[in-house]
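Visitor: The file below is target38.txt, compact mmCIF, C-alpha atoms:
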```txt
# COMPACT_ATOMS: atom_id res chain seq x y z
CA MET A 148 130.64 60.63 119.67
CA ASN A 149 132.75 59.18 122.48
CA ARG A 150 130.47 56.13 122.64
CA ARG A 151 130.89 55.42 118.96
CA ILE A 152 131.37 51.77 118.17
CA PHE A 153 134.12 51.14 115.67
CA ALA A 154 133.82 48.64 112.88
CA ALA A 155 137.13 47.07 113.85
CA SER A 156 136.14 46.20 117.41
CA ALA A 157 132.62 45.14 116.49
CA LEU A 158 134.01 43.00 113.69
CA SER A 159 136.62 41.24 115.75
CA ALA A 160 134.05 40.48 118.44
CA ALA A 161 131.59 39.19 115.84
CA VAL A 162 134.19 37.04 114.11
CA GLY A 163 135.26 35.63 117.47
CA LEU A 164 131.66 34.76 118.35
CA ALA A 165 130.99 33.31 114.93
CA LEU A 166 134.10 31.14 114.92
CA ALA A 167 133.40 29.92 118.45
CA ALA A 168 129.83 28.98 117.60
CA GLN A 169 130.44 27.71 114.11
CA ALA A 170 130.15 23.97 114.59
CA PRO A 171 126.44 23.42 115.20
CA GLN A 172 123.65 25.83 114.38
CA THR A 173 123.20 27.47 117.74
CA LEU A 174 121.04 30.41 116.87
CA ALA A 175 117.30 30.51 116.58
CA GLN A 176 116.07 29.45 113.18
CA GLY A 177 113.13 31.79 113.02
CA MET A 178 109.56 30.84 113.62
CA GLY A 179 109.30 27.11 113.22
CA ASN A 180 108.86 25.06 110.10
CA PRO A 181 107.74 26.45 106.78
CA PRO A 182 104.20 25.57 105.72
CA GLN A 183 103.63 22.28 103.94
CA ILE A 184 103.04 23.83 100.52
CA VAL A 185 106.43 25.51 100.66
CA LYS A 186 108.09 22.23 101.68
CA ASP A 187 106.32 20.55 98.79
CA ASN A 188 107.69 23.14 96.39
CA MET A 189 111.19 22.59 97.76
CA ALA A 190 110.80 18.82 97.47
CA ARG A 191 109.53 19.13 93.93
CA MET A 192 112.44 21.34 92.98
CA ALA A 193 114.90 18.86 94.45
CA GLN A 194 113.17 15.77 93.07
CA GLN A 195 112.87 16.96 89.52
CA HIS A 196 116.27 18.68 89.56
CA LEU A 197 114.44 21.69 88.32
CA GLN A 198 116.57 24.23 86.67
CA LYS A 199 115.77 27.58 88.01
CA CYS A 200 115.76 29.82 84.99
CA TYR A 201 116.62 28.20 81.74
CA GLY A 202 113.37 28.76 79.93
CA ILE A 203 109.67 29.09 80.28
CA ASN A 204 109.16 25.52 81.39
CA ALA A 205 110.42 25.86 84.94
CA VAL A 206 108.27 24.70 87.84
CA ALA A 207 105.15 23.68 85.97
CA LYS A 208 104.80 27.09 84.37
CA ASN A 209 104.54 25.55 80.97
CA ASP A 210 102.30 26.51 78.09
CA CYS A 211 99.61 24.03 78.94
CA ALA A 212 99.19 24.48 82.64
CA GLU A 213 100.24 21.44 84.66
CA GLY A 214 99.11 18.89 82.13
CA ALA A 215 95.46 19.23 83.10
CA HIS A 216 94.54 19.32 79.45
CA SER A 217 96.55 18.79 76.30
CA CYS A 218 96.06 22.48 75.74
CA ALA A 219 94.74 24.16 78.82
CA GLY A 220 94.05 27.39 77.00
CA GLN A 221 91.47 25.70 74.84
CA ALA A 222 89.37 24.87 77.86
CA THR A 223 89.75 28.20 79.58
CA GLN A 224 87.34 30.87 78.56
CA ALA A 225 88.74 34.25 79.35
CA ARG A 226 86.43 36.18 81.59
CA ASP A 227 85.55 39.69 80.67
CA PRO A 228 87.12 41.60 83.53
CA LYS A 229 84.67 44.47 83.13
CA SER A 230 81.58 42.36 83.60
CA PHE A 231 82.97 40.33 86.49
CA VAL A 232 82.08 41.57 89.94
CA LEU A 233 85.28 41.25 91.91
CA LEU A 234 84.72 40.08 95.44
CA PRO A 235 87.46 38.31 97.32
CA GLY A 236 86.13 34.89 98.29
CA GLY A 237 89.03 33.09 99.94
CA ASP A 238 90.53 32.86 103.39
CA CYS A 239 90.58 36.58 104.10
CA SER A 240 87.17 36.32 105.74
CA LYS A 241 88.76 34.02 108.33
CA ILE A 242 91.05 36.76 109.54
CA GLN A 243 89.34 39.02 112.04
CA GLY A 244 89.64 42.71 112.60
CA GLY A 245 90.24 43.94 109.08
CA SER A 246 90.21 47.68 108.83
CA LEU A 247 90.48 50.05 105.94
CA LYS A 248 92.25 52.56 108.12
CA ALA A 249 95.98 52.39 108.54
CA SER A 250 96.83 51.22 112.03
CA MET B 257 103.52 37.91 52.28
CA PRO B 258 104.47 39.48 55.63
CA THR B 259 108.01 39.11 56.98
CA LEU B 260 108.56 36.94 60.06
CA HIS B 261 108.97 40.08 62.15
CA GLU B 262 105.70 41.54 60.86
CA LEU B 263 103.94 38.26 61.56
CA GLN B 264 105.34 38.09 65.10
CA ASP B 265 104.23 41.69 65.70
CA ALA B 266 100.75 40.90 64.42
CA VAL B 267 100.43 37.81 66.64
CA ALA B 268 101.68 39.80 69.64
CA ARG B 269 99.07 42.49 68.94
CA SER B 270 96.45 39.80 68.63
CA LEU B 271 97.42 38.30 71.99
CA MET B 272 97.68 41.54 73.93
CA ALA B 273 95.30 43.92 72.16
CA ARG B 274 92.81 41.43 70.70
CA ASP B 275 93.51 42.81 67.24
CA ASP B 276 93.00 39.86 64.89
CA GLY B 277 94.97 41.30 61.98
CA ALA B 278 97.20 38.24 62.19
CA ALA B 279 94.23 36.06 61.21
CA ALA B 280 94.78 36.97 57.56
CA SER B 281 98.08 35.04 57.60
CA ILE B 282 96.72 31.92 59.32
CA VAL B 283 95.43 28.85 57.48
CA ALA B 284 92.02 27.85 58.82
CA ASP B 285 92.16 24.06 58.31
CA GLY B 286 89.23 22.89 60.43
CA ILE B 287 89.38 25.57 63.11
CA ASP B 288 89.07 29.10 61.83
CA ALA B 289 91.94 31.55 62.19
CA ALA B 290 90.33 33.76 64.84
CA ALA B 291 89.55 30.70 66.99
CA ARG B 292 93.16 29.55 66.65
CA LEU B 293 94.39 32.91 67.87
CA ASN B 294 91.89 32.68 70.72
CA VAL B 295 93.34 29.35 71.83
CA TYR B 296 96.78 30.91 71.80
CA ARG B 297 95.58 33.94 73.74
CA ASN B 298 93.77 31.87 76.35
CA THR B 299 96.79 29.61 76.75
CA MET B 300 99.01 32.63 77.28
CA ILE B 301 96.67 34.11 79.89
CA ALA B 302 96.26 30.74 81.61
CA SER B 303 100.00 30.12 81.83
CA LEU B 304 100.77 33.64 83.04
CA THR B 305 98.00 33.33 85.62
CA THR B 306 99.52 30.02 86.74
CA ALA B 307 102.93 31.68 86.98
CA LEU B 308 101.46 34.38 89.22
CA ARG B 309 99.56 31.83 91.31
CA LEU B 310 102.75 29.83 91.93
CA SER B 311 104.67 32.98 92.88
CA TYR B 312 101.85 34.37 95.06
CA PRO B 313 100.27 31.30 96.69
CA THR B 314 99.14 33.11 99.84
CA VAL B 315 97.45 35.89 97.88
CA HIS B 316 95.70 33.22 95.80
CA ARG B 317 94.34 31.46 98.89
CA LEU B 318 93.36 34.72 100.55
CA VAL B 319 91.25 36.13 97.74
CA GLY B 320 90.09 32.87 96.15
CA ALA B 321 90.63 31.51 92.64
CA ALA B 322 87.98 33.61 90.86
CA PHE B 323 89.17 36.93 92.27
CA PHE B 324 92.81 35.99 91.71
CA GLU B 325 92.26 35.03 88.08
CA SER B 326 90.35 38.22 87.33
CA ALA B 327 92.95 40.40 89.02
CA ALA B 328 95.71 38.48 87.20
CA GLN B 329 94.05 39.03 83.82
CA ILE B 330 93.83 42.76 84.36
CA PHE B 331 97.47 42.79 85.49
CA ILE B 332 98.66 40.64 82.58
CA ALA B 333 97.00 42.94 80.04
CA ALA B 334 98.83 45.93 81.50
CA HIS B 335 102.13 44.21 82.36
CA PRO B 336 103.07 41.48 79.89
CA PRO B 337 106.26 39.58 80.81
CA GLN B 338 109.51 41.28 79.85
CA GLY B 339 111.47 38.03 79.63
CA ALA B 340 111.04 34.34 78.92
CA CYS B 341 111.61 33.16 82.49
CA LEU B 342 108.24 33.02 84.20
CA ASP B 343 109.85 32.61 87.61
CA ASP B 344 110.66 36.30 87.25
CA TYR B 345 107.02 37.17 86.53
CA ASP B 346 106.30 39.58 88.14
CA PRO B 347 107.31 41.73 91.12
CA GLY B 348 105.05 44.50 89.75
CA PHE B 349 102.03 42.47 90.89
CA VAL B 350 102.69 43.73 94.45
CA ASP B 351 102.24 47.39 93.51
CA PHE B 352 99.32 46.49 91.27
CA LEU B 353 97.51 44.84 94.19
CA ALA B 354 98.25 47.81 96.44
CA GLU B 355 96.39 50.06 93.98
CA PHE B 356 93.73 47.56 92.93
CA ALA B 357 90.41 49.02 94.07
CA PRO B 358 88.50 45.72 94.45
CA ALA B 359 91.17 44.57 96.93
CA ALA B 360 90.91 47.68 99.10
CA SER B 361 88.90 45.80 101.73
CA ILE B 362 92.00 43.67 102.41
CA PRO B 363 94.54 46.24 103.55
CA TYR B 364 97.20 43.60 104.27
CA LEU B 365 97.05 42.01 100.79
CA ALA B 366 99.94 43.94 99.23
CA GLY B 367 102.12 43.18 102.27
CA VAL B 368 101.31 39.49 101.95
CA ALA B 369 102.12 39.70 98.23
CA ARG B 370 105.47 41.28 99.03
CA LEU B 371 106.30 38.40 101.37
CA ASP B 372 105.10 35.82 98.81
CA TRP B 373 107.42 37.35 96.23
CA ALA B 374 110.37 37.40 98.64
CA VAL B 375 109.81 33.71 99.46
CA SER B 376 109.48 32.89 95.77
CA ARG B 377 112.75 34.75 95.08
CA ALA B 378 114.40 32.87 97.92
CA LEU B 379 113.31 29.51 96.50
CA HIS B 380 114.62 30.26 93.00
CA ALA B 381 117.81 32.13 93.88
CA PRO B 382 121.11 30.52 92.90
CA ASP B 383 123.14 28.66 95.50
CA ALA B 384 126.09 30.42 97.07
CA ASP B 385 128.53 29.46 99.79
CA ALA B 386 128.45 31.38 103.04
CA LEU B 387 131.29 33.75 103.86
CA ASP B 388 133.86 32.04 106.06
CA PRO B 389 134.26 34.32 109.11
CA ALA B 390 137.93 33.42 109.27
CA ARG B 391 138.51 35.46 106.10
CA LEU B 392 137.42 38.57 107.98
CA ALA B 393 140.02 38.05 110.67
CA ALA B 394 142.80 38.78 108.18
CA LEU B 395 141.68 42.34 107.33
CA ASP B 396 143.75 45.33 108.41
CA ALA B 397 142.29 48.43 110.07
CA ALA B 398 141.82 50.42 106.84
CA GLU B 399 140.08 47.52 105.18
CA GLN B 400 137.79 47.06 108.17
CA ARG B 401 136.70 50.69 107.98
CA HIS B 402 135.49 50.28 104.42
CA LEU B 403 134.24 46.71 104.76
CA ARG B 404 131.07 46.03 102.78
CA PHE B 405 129.21 42.74 102.68
CA VAL B 406 127.55 40.96 99.79
CA PRO B 407 124.28 39.29 100.85
CA HIS B 408 123.29 35.77 99.86
CA PRO B 409 121.24 35.91 96.62
CA SER B 410 118.24 34.34 98.37
CA MET B 411 118.14 37.12 100.97
CA SER B 412 115.61 39.88 101.09
CA LEU B 413 114.26 42.21 103.72
CA VAL B 414 110.55 42.88 103.87
CA ARG B 415 108.69 45.50 105.83
CA ALA B 416 104.89 45.39 106.08
CA ASP B 417 102.25 47.30 108.04
CA HIS B 418 100.52 44.10 109.17
CA PRO B 419 101.69 40.78 110.64
CA VAL B 420 102.05 39.24 107.18
CA ASP B 421 104.41 36.51 108.41
CA ALA B 422 101.68 35.15 110.69
CA ILE B 423 99.13 35.44 107.87
CA TRP B 424 101.49 33.72 105.40
CA ARG B 425 102.09 30.83 107.77
CA ALA B 426 98.44 30.39 108.81
CA VAL B 427 97.01 30.64 105.29
CA LEU B 428 99.48 28.23 103.67
CA ALA B 429 99.10 25.77 106.54
CA GLN B 430 95.30 26.20 106.25
CA ASP B 431 95.19 26.67 109.99
CA ASP B 432 91.83 28.34 110.64
CA ALA B 433 92.48 28.75 114.36
CA ALA B 434 95.75 30.56 113.67
CA MET B 435 94.00 32.76 111.11
CA ALA B 436 91.27 33.71 113.58
CA ALA B 437 93.92 34.53 116.18
CA ILE B 438 95.77 37.03 113.99
CA ASP B 439 95.69 40.57 115.32
CA LEU B 440 95.80 42.85 112.30
CA GLY B 441 96.37 45.83 114.56
CA ALA B 442 99.58 44.34 115.98
CA GLY B 443 101.62 46.86 114.02
CA PRO B 444 104.28 46.62 111.35
CA VAL B 445 106.66 43.71 111.00
CA ARG B 446 110.19 43.70 109.67
CA LEU B 447 111.28 40.41 108.18
CA LEU B 448 114.38 38.71 106.93
CA VAL B 449 113.56 36.18 104.18
CA ARG B 450 116.01 33.69 102.76
CA ARG B 451 116.45 30.06 101.79
CA ARG B 452 117.84 27.52 104.19
CA GLU B 453 118.69 23.86 103.63
CA ASN B 454 115.14 22.68 104.34
CA GLY B 455 113.10 25.54 102.95
CA PRO B 456 112.60 29.26 103.21
CA GLU B 457 113.06 31.09 106.45
CA VAL B 458 110.90 34.06 107.40
CA LYS B 459 112.27 35.63 110.56
CA ARG B 460 111.19 38.75 112.41
CA LEU B 461 113.83 41.30 113.32
CA ASP B 462 113.41 44.26 115.63
CA PRO B 463 113.42 47.64 113.86
CA ALA B 464 117.02 48.52 114.72
CA ALA B 465 118.40 45.10 113.74
CA TRP B 466 116.38 45.15 110.51
CA CYS B 467 117.66 48.62 109.62
CA PHE B 468 121.27 47.63 110.35
CA THR B 469 120.89 44.47 108.25
CA ALA B 470 119.18 46.34 105.42
CA LEU B 471 122.03 48.86 105.26
CA LEU B 472 124.63 46.09 105.13
CA CYS B 473 122.68 44.20 102.47
CA ALA B 474 122.39 47.37 100.39
CA GLY B 475 126.19 47.52 100.30
CA HIS B 476 126.82 50.27 102.85
CA PRO B 477 130.13 50.07 104.72
CA LEU B 478 129.99 48.34 108.11
CA GLN B 479 131.02 51.55 109.89
CA ASP B 480 128.12 53.50 108.31
CA ALA B 481 125.62 50.82 109.30
CA ILE B 482 126.97 50.84 112.86
CA ASP B 483 126.74 54.64 113.06
CA ALA B 484 123.15 54.63 111.71
CA ALA B 485 121.86 51.88 113.97
CA SER B 486 121.52 52.71 117.62
CA GLY B 487 120.39 50.08 120.09
CA VAL B 488 121.86 47.20 118.11
CA ASP B 489 124.16 44.68 119.75
CA VAL B 490 126.39 44.75 116.68
CA PRO B 491 128.81 41.95 117.58
CA SER B 492 126.00 39.49 118.42
CA LEU B 493 123.88 40.35 115.41
CA LEU B 494 126.82 40.31 113.03
CA ALA B 495 128.00 36.99 114.47
CA ALA B 496 124.49 35.56 114.01
CA HIS B 497 124.44 36.72 110.39
CA LEU B 498 127.88 35.20 109.76
CA ILE B 499 126.90 31.90 111.36
CA ASN B 500 123.64 31.79 109.42
CA GLY B 501 125.32 32.45 106.09
CA VAL B 502 123.54 35.75 105.43
CA PHE B 503 126.61 37.02 103.56
CA THR B 504 128.53 35.26 100.82
CA THR B 505 131.50 37.53 100.44
CA PHE B 506 132.75 41.06 101.07
CA ALA B 507 134.58 43.97 99.56
CA ALA B 508 137.29 45.62 101.58
CA GLY B 509 138.95 48.86 100.60
CA ALA B 510 137.89 52.40 99.82
CA PRO B 511 134.98 52.80 97.38
CA GLY B 512 136.36 53.18 93.89
CA ALA B 513 139.38 51.09 94.80
CA HIS B 514 137.55 47.80 94.96
CA ARG B 515 139.41 44.86 96.26
CA MET B 516 136.65 42.39 95.78
CA GLU B 517 137.09 39.05 97.45
CA ILE B 518 135.62 36.37 95.28
CA ALA B 519 134.02 33.44 97.01
CA THR B 520 135.40 30.11 95.91
```
Could I get this file's structure written as structure tokens?
Guide:
Amino acid sequence: MNRRIFAASALSAAVGLALAAQAPQTLAQGMGNPPQIVKDNMARMAQQHLQKCYGINAVAKNDCAEGAHSCAGQATQARDPKSFVLLPGGDCSKIQGGSLKAS
Amino acid sequence: MPTLHELQDAVARSLMARDDGAAASIVADGIDAAARLNVYRNTMIASLTTALRLSYPTVHRLVGAAFFESAAQIFIAAHPPQGACLDDYDPGFVDFLAEFAPAASIPYLAGVARLDWAVSRALHAPDADALDPARLAALDAAEQRHLRFVPHPSMSLVRADHPVDAIWRAVLAQDDAAMAAIDLGAGPVRLLVRRRENGPEVKRLDPAAWCFTALLCAGHPLQDAIDAASGVDVPSLLAAHLINGVFTTFAAGAPGAHRMEIAT
């Protein structure tokens, strides 16, 4: 193992680089902006000063979903899962080349 | 007259197992007791479904509302929440989707769910200050050998067999052209997910860098991670992680003799 890298030398080089570059963000920030819905969630969290985990009311996950109805459960008829034919109907059809085999 | 505990048990059984034994203890008053329990049950299912939809927005868009709700109901019946905080509900949905036969035609769905959950975790994780690299400069040689990092609470590392980051981005942006351009055969992706100032970051890492980062985040000593990861430019990658605030603090010293540095 004569080419072994030691933590000490790697660390001092890394710390040197990090301290030198610390002022502005100089490294790539990943792949562009997050999607709008994620930004909206962030904005909503900031705007409403949402507490992250103090109860069941966080982030619109309240008893009566999102105020659509005074008691959303009253309006929602539970489907019988056994009699419902499950076919995905969303955006997955827009993605080409689906395969059941592992690539 | 049942005790409060007996009554709570009966209502719980009514909600989860559709056993309306609790109806005997409920005053009808306009709406009969079974209908009242039904309202409660539907409300519970609706709010848990909403919780899942908010945690798994990409999965919801991919499969559509009807499929999502049906899958969620089957999941909820088998995996009721274990705590009151619905932001924590429920990482088990990922494994459920992986085994869910009606979703088998969408082989990338569980991978997308895993990324959705990581992003959701990142959004709800507590704040924490980044580790100041200057604190590392003061360590002696023995401490450096045993140095272990503590990752930011919003950090997670996701591996998926399909390009789920491209799918996540295209689906949430409703960009049909980007969706059509996705190559599902492009091979696995290894991702670093965390929260930044302006939102979550989903960044691809090459396999060696991902492995090195995963070892550090799992609490392995720096030297072990270096020895296990060949082909990694350790100083550059470590510097990038330090600059980007991937770590919040560190422990230096032999395992068992913790000298934990507490971030201020």
Visitor: Contacts from chain B to chain A, 6 Å maximum, all atoms listed in the file: show me the residue list as a VMD selection string.
Guide: chain B and resid 295 298 to 299 303 307 317 to 320 323 340 to 342 380 389 400 428 to 429 435 to 436 441 459 479 491 494 to 495 499
Visitor: Which neighbours of segment 475-478 of chain B fall inside 7 Å, counting all atoms listed in the file, when residues of the same chain fewer than 2 positions from it are skipped, and could you give them as an mmCIF file with C-alpha atoms, in the frame of the given file?
Guide:
```cif
data_model
loop_
_atom_site.group_PDB
_atom_site.id
_atom_site.type_symbol
_atom_site.label_atom_id
_atom_site.label_comp_id
_atom_site.auth_asym_id
_atom_site.auth_seq_id
_atom_site.Cartn_x
_atom_site.Cartn_y
_atom_site.Cartn_z
ATOM 1 C CA ALA A 154 133.820 48.640 112.880
ATOM 2 C CA HIS B 402 135.490 50.280 104.420
ATOM 3 C CA LEU B 403 134.240 46.710 104.760
ATOM 4 C CA ARG B 404 131.070 46.030 102.780
ATOM 5 C CA PHE B 405 129.210 42.740 102.680
ATOM 6 C CA VAL B 406 127.550 40.960 99.790
ATOM 7 C CA LEU B 471 122.030 48.860 105.260
ATOM 8 C CA LEU B 472 124.630 46.090 105.130
ATOM 9 C CA CYS B 473 122.680 44.200 102.470
ATOM 10 C CA ASP B 480 128.120 53.500 108.310
ATOM 11 C CA ALA B 481 125.620 50.820 109.300
ATOM 12 C CA ILE B 482 126.970 50.840 112.860
#
```
Visitor: Have a look at atom CA of Met411 of chain B and atom CA of Val449 of chain B and let me know their distance in Å, one decimal.
Guide: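 Computing it gives 5.7 Å between the two atoms.
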Visitor: Take atom CA of Leu448 of chain B and atom CA of Ala393 of chain B and report the distance between them in Å, one decimal.
Guide: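 Here the two named atoms are 25.9 Å from each other.
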Visitor: Can you tell me how far atom CA of Ala386 of chain B sits from atom CA of Pro409 of chain B, in Å to one decimal?
Guide: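 Atom-to-atom, atom CA of Ala386 of chain B and atom CA of Pro409 of chain B are spaced 10.7 Å apart.
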Visitor: Taking the point (94.6, 38.3, 91.6) as given in the file, collect each protein or nucleic acid residue that comes within 9 Å of it, counting only C-alpha atoms, and present the set as a PyMOL selection string.
Guide: chain B and resi 305+308-309+312+315-316+319-331+349+353+359
Visitor: Give me the residues within 9 Å of Ala434 of chain B as JSON, numbers by chain, counting all atoms listed in the file and dropping any in the same chain fewer than 5 places off.
Guide: {"A": [242], "B": [422, 423, 425, 426, 427]}
